[in-house]
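Read through the structure below, which is laid out as structure tokens, and then see the notes.
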Amino acid sequence: MSPSDSSGTSPSDSSGTSPSESSGMSSGKSSGASPAQSSGGSSARRSGATPAKSSGGSSSKRSAPAPAVRRVAVIGGTRIPFARSDGPYATASNQDMLTAALDGLVERYGLGDPGAVGEFVAGAVLKHSRDFNLARETVLGSELDARTPAYDIQQACGTGLQAVIAAANKIALGQTEAAIAGGADTASDAPLGVNDRLRRILLEARRAKSLGGRVKALSQVRPSHLVPDIPRNAEPRTKLSMGEHAAVTARAWGVTREAQDELAAASHRRLAAAYERGFFEDLVVPFRGLDRDQNLRPGSTPEKLAALKPVFGLDGEHPTMTAGNSTPLTDGAALVLLASEEWAERRGLEPLAYLTAHETAAVDFVHGDVAGGEDGLLMAPAYAVPRMLERAGLGLDDFEFVEVHEAFASQVLATLAAWEKRGLAPVDRARLNVNGSSLATGHPFAATGARIVATLAKSLAESGGPGRGLISVCAAGGQGVTAILERR
């Protein structure tokens, strides 16, 4: 079914809850109310039926039956190699990178025919005004059918995963058969804002009714007004950078420097091993001279990382966070192809896995228990994951793979500790980020979620048998986005 055939039913229409509140996307072990449990087994195609007349001849409106929820397959993904900011992609825009990833996906899965997919969903965190319609402009500049609808989405570092969830919801409800979702970000081509005082003066001059009024307004311009506003990696309400917030959380949870460096070294070691065995051959397409992630340091060891000086938390005793156990500013793009099982079967494509649950959460990092670690800026997954697992009737020991976005090594370790505090089983480190993660790949904000979905789906498929994988992504603004992939 194409978007034009959509019955107009939204995810909230099917269960009375919003997608962020409903973690179940298929029937199964879910212990909480999910769309599948309230659908009554009716077909999504019937949800647009016109009201029938009652037997007495008078018109009687009946509520449309809730649509049946279908399984959403992860077919595959494509990304460009991630690059350090001001490097190989210094002159590449969000659209340039996203188009390269999209063209790679179109070529790999033969999506060039008209109407191949129903929708394209993507976003970026650092956006120029020219990116106001980034997803649609990317479609128009790519090999995908120009008639494919597209829209932008943004939730800081959770953008890529939220784009996947948004597309999956429409597939689950029968509103479309296939969609592409993900994101891109460039720290190199970050937008520079006009100095706010200069902006106000220019607007005053524009509103002036006479030449004299315009001259009077412009006469207020001073040299200091010519200094642009440069984006900062800081929370507007606290003025602290993400790294400084993470340092507070690290101290609250007692995360050691040694543990952080070991986690960072393991990320590089595992990513290097994955490249060497060809794991990324069908996931990464070369771009601007790169064929693998530029931040990767195969020779990283805890001993080498221990020599680096701390860069965050310098106002406290014994700072532990360095450039080596924190993600660098990064440029890149990543996308995922999602579809119904019927669409995949018609095209002869074998799903890698299925997206079966998702959950979002937020913490009060402004007024909450920040010093105690409970409401640290990046701690929302500590609440989202237990809630999602409870609804799904699962525990952490039910997962073959656990993917935790490595914004900072300290944040990963604090999240693992918080899960245990909330009664979840300890995560077996042999199952954690088995093919490397953000500390090694880098972190182009809006691209990370799609990278993780595609990597985890392939990890599940490569394992051969049935299994589950957990995704946990922290995000600016004290938010978290989590999901479950399964292979049966």
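Residue numbering restarts at 1 in every chain; chains get A, B, ... in the order shown in the structure tokens, and ligands count up from 1 in that same order.
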Would you mind writing down, as a ChimeraX atom specification, each residue of range 126-274 of chain A that DSSP on the backbone assigns to alpha helix (DSSP H)? /A:134-140,159-172,196-207,211-218,242-253,257-274
May I have all residues of range 364-413 of chain A that DSSP, computed from the backbone, assigns to strand (DSSP E), given as a VMD selection string? chain A and resid 401 to 404
So that I can check the surroundings of Lys421 in chain A, please list as a PyMOL selection string every protein, DNA and RNA residue that reaches within 12 Å of it, counting only C-alpha atoms and ignoring chain neighbours fewer than 4 positions away. chain A and resi 253+373-374+382-383+386+414-417+425-426
Could you turn the residues from that selection into a file that holds N, CA and C atoms, as a PDB file, in the first residue's frame?
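Okay, this is what ended up in result27.pdb:
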```
ATOM      1  N   TRP A 253      28.581   7.807  39.779  1.00  0.00           N
ATOM      2  CA  TRP A 253      28.526   6.344  39.703  1.00  0.00           C
ATOM      3  C   TRP A 253      29.872   5.677  39.979  1.00  0.00           C
ATOM      4  N   GLY A 373      23.414  11.014  40.320  1.00  0.00           N
ATOM      5  CA  GLY A 373      23.529  10.163  39.139  1.00  0.00           C
ATOM      6  C   GLY A 373      22.227   9.686  38.539  1.00  0.00           C
ATOM      7  N   GLU A 374      21.120   9.817  39.273  1.00  0.00           N
ATOM      8  CA  GLU A 374      19.846   9.281  38.788  1.00  0.00           C
ATOM      9  C   GLU A 374      19.320  10.046  37.581  1.00  0.00           C
ATOM     10  N   ALA A 382      18.482   4.414  31.218  1.00  0.00           N
ATOM     11  CA  ALA A 382      18.414   3.647  32.463  1.00  0.00           C
ATOM     12  C   ALA A 382      16.965   3.435  32.888  1.00  0.00           C
ATOM     13  N   TYR A 383      16.074   4.276  32.402  1.00  0.00           N
ATOM     14  CA  TYR A 383      14.648   4.150  32.690  1.00  0.00           C
ATOM     15  C   TYR A 383      13.890   3.516  31.518  1.00  0.00           C
ATOM     16  N   PRO A 386      14.475  -0.708  31.224  1.00  0.00           N
ATOM     17  CA  PRO A 386      13.694  -1.547  32.140  1.00  0.00           C
ATOM     18  C   PRO A 386      12.196  -1.515  31.843  1.00  0.00           C
ATOM     19  N   ALA A 414      28.050   3.838  33.326  1.00  0.00           N
ATOM     20  CA  ALA A 414      27.043   4.312  34.281  1.00  0.00           C
ATOM     21  C   ALA A 414      25.676   3.720  33.960  1.00  0.00           C
ATOM     22  N   THR A 415      25.361   3.598  32.665  1.00  0.00           N
ATOM     23  CA  THR A 415      24.076   3.013  32.262  1.00  0.00           C
ATOM     24  C   THR A 415      24.001   1.542  32.655  1.00  0.00           C
ATOM     25  N   LEU A 416      25.074   0.812  32.442  1.00  0.00           N
ATOM     26  CA  LEU A 416      25.095  -0.605  32.822  1.00  0.00           C
ATOM     27  C   LEU A 416      24.903  -0.757  34.330  1.00  0.00           C
ATOM     28  N   ALA A 417      25.556   0.117  35.097  1.00  0.00           N
ATOM     29  CA  ALA A 417      25.419   0.065  36.555  1.00  0.00           C
ATOM     30  C   ALA A 417      23.991   0.410  36.981  1.00  0.00           C
ATOM     31  N   ALA A 425      19.752  -8.009  35.038  1.00  0.00           N
ATOM     32  CA  ALA A 425      20.954  -8.834  35.109  1.00  0.00           C
ATOM     33  C   ALA A 425      22.153  -8.078  34.539  1.00  0.00           C
ATOM     34  N   PRO A 426      23.351  -8.363  35.013  1.00  0.00           N
ATOM     35  CA  PRO A 426      24.549  -7.740  34.438  1.00  0.00           C
ATOM     36  C   PRO A 426      24.689  -8.105  32.960  1.00  0.00           C
TER      37      PRO A 426
END
```
Find the spatial neighbours of Ser93 in chain A, counting only C-alpha atoms, within a cut-off of 10 Å - ignore same-chain residues fewer than 2 positions away - and output them as a ChimeraX atom specification. /A:89-91,95-99,127-128,131,184-190,331-332
Those residues with C-alpha atoms, as a PDB file, in the first residue's frame please?
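Output saved as again06.pdb:
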```pdb
ATOM      1  CA  TYR A  89      34.150  15.632   4.443  1.00  0.00           C
ATOM      2  CA  ALA A  90      34.920  19.233   5.430  1.00  0.00           C
ATOM      3  CA  THR A  91      33.086  20.585   2.366  1.00  0.00           C
ATOM      4  CA  GLN A  95      22.510  16.507   1.914  1.00  0.00           C
ATOM      5  CA  ASP A  96      25.702  15.409   0.122  1.00  0.00           C
ATOM      6  CA  MET A  97      26.370  12.715   2.700  1.00  0.00           C
ATOM      7  CA  LEU A  98      22.777  11.569   3.035  1.00  0.00           C
ATOM      8  CA  THR A  99      22.433  11.333  -0.750  1.00  0.00           C
ATOM      9  CA  LYS A 127      21.059  22.078  10.224  1.00  0.00           C
ATOM     10  CA  HIS A 128      21.469  25.085   7.975  1.00  0.00           C
ATOM     11  CA  ASP A 131      18.226  21.992   5.259  1.00  0.00           C
ATOM     12  CA  ALA A 184      23.226  12.623   8.708  1.00  0.00           C
ATOM     13  CA  ASP A 185      25.293  15.207  10.511  1.00  0.00           C
ATOM     14  CA  THR A 186      28.344  17.284   9.815  1.00  0.00           C
ATOM     15  CA  ALA A 187      30.315  19.071  12.485  1.00  0.00           C
ATOM     16  CA  SER A 188      32.593  20.470   9.749  1.00  0.00           C
ATOM     17  CA  ASP A 189      29.850  22.349   7.899  1.00  0.00           C
ATOM     18  CA  ALA A 190      28.063  23.520  11.038  1.00  0.00           C
ATOM     19  CA  ASP A 331      30.727  13.766   9.927  1.00  0.00           C
ATOM     20  CA  GLY A 332      28.660  10.990   8.338  1.00  0.00           C
TER      21      GLY A 332
END
```
Test item: residues at most 9 Å from range 164-171 of chain A, only C-alpha atoms, excluding those fewer than 3 positions along its chain, as a PyMOL selection string: chain A and resi 10-11+19+25+69-73+119-122+153+159-161+174-182+335-340+355+358+449-450+453+483
Give me the residues within 12 Å of Ala380 in chain A as a VMD selection string, counting only C-alpha atoms and dropping any in the same chain fewer than 4 places off. chain A and resid 158 359 to 365 370 373 to 376 384 to 387 411 to 412 414 to 415 418 to 419 472 to 482
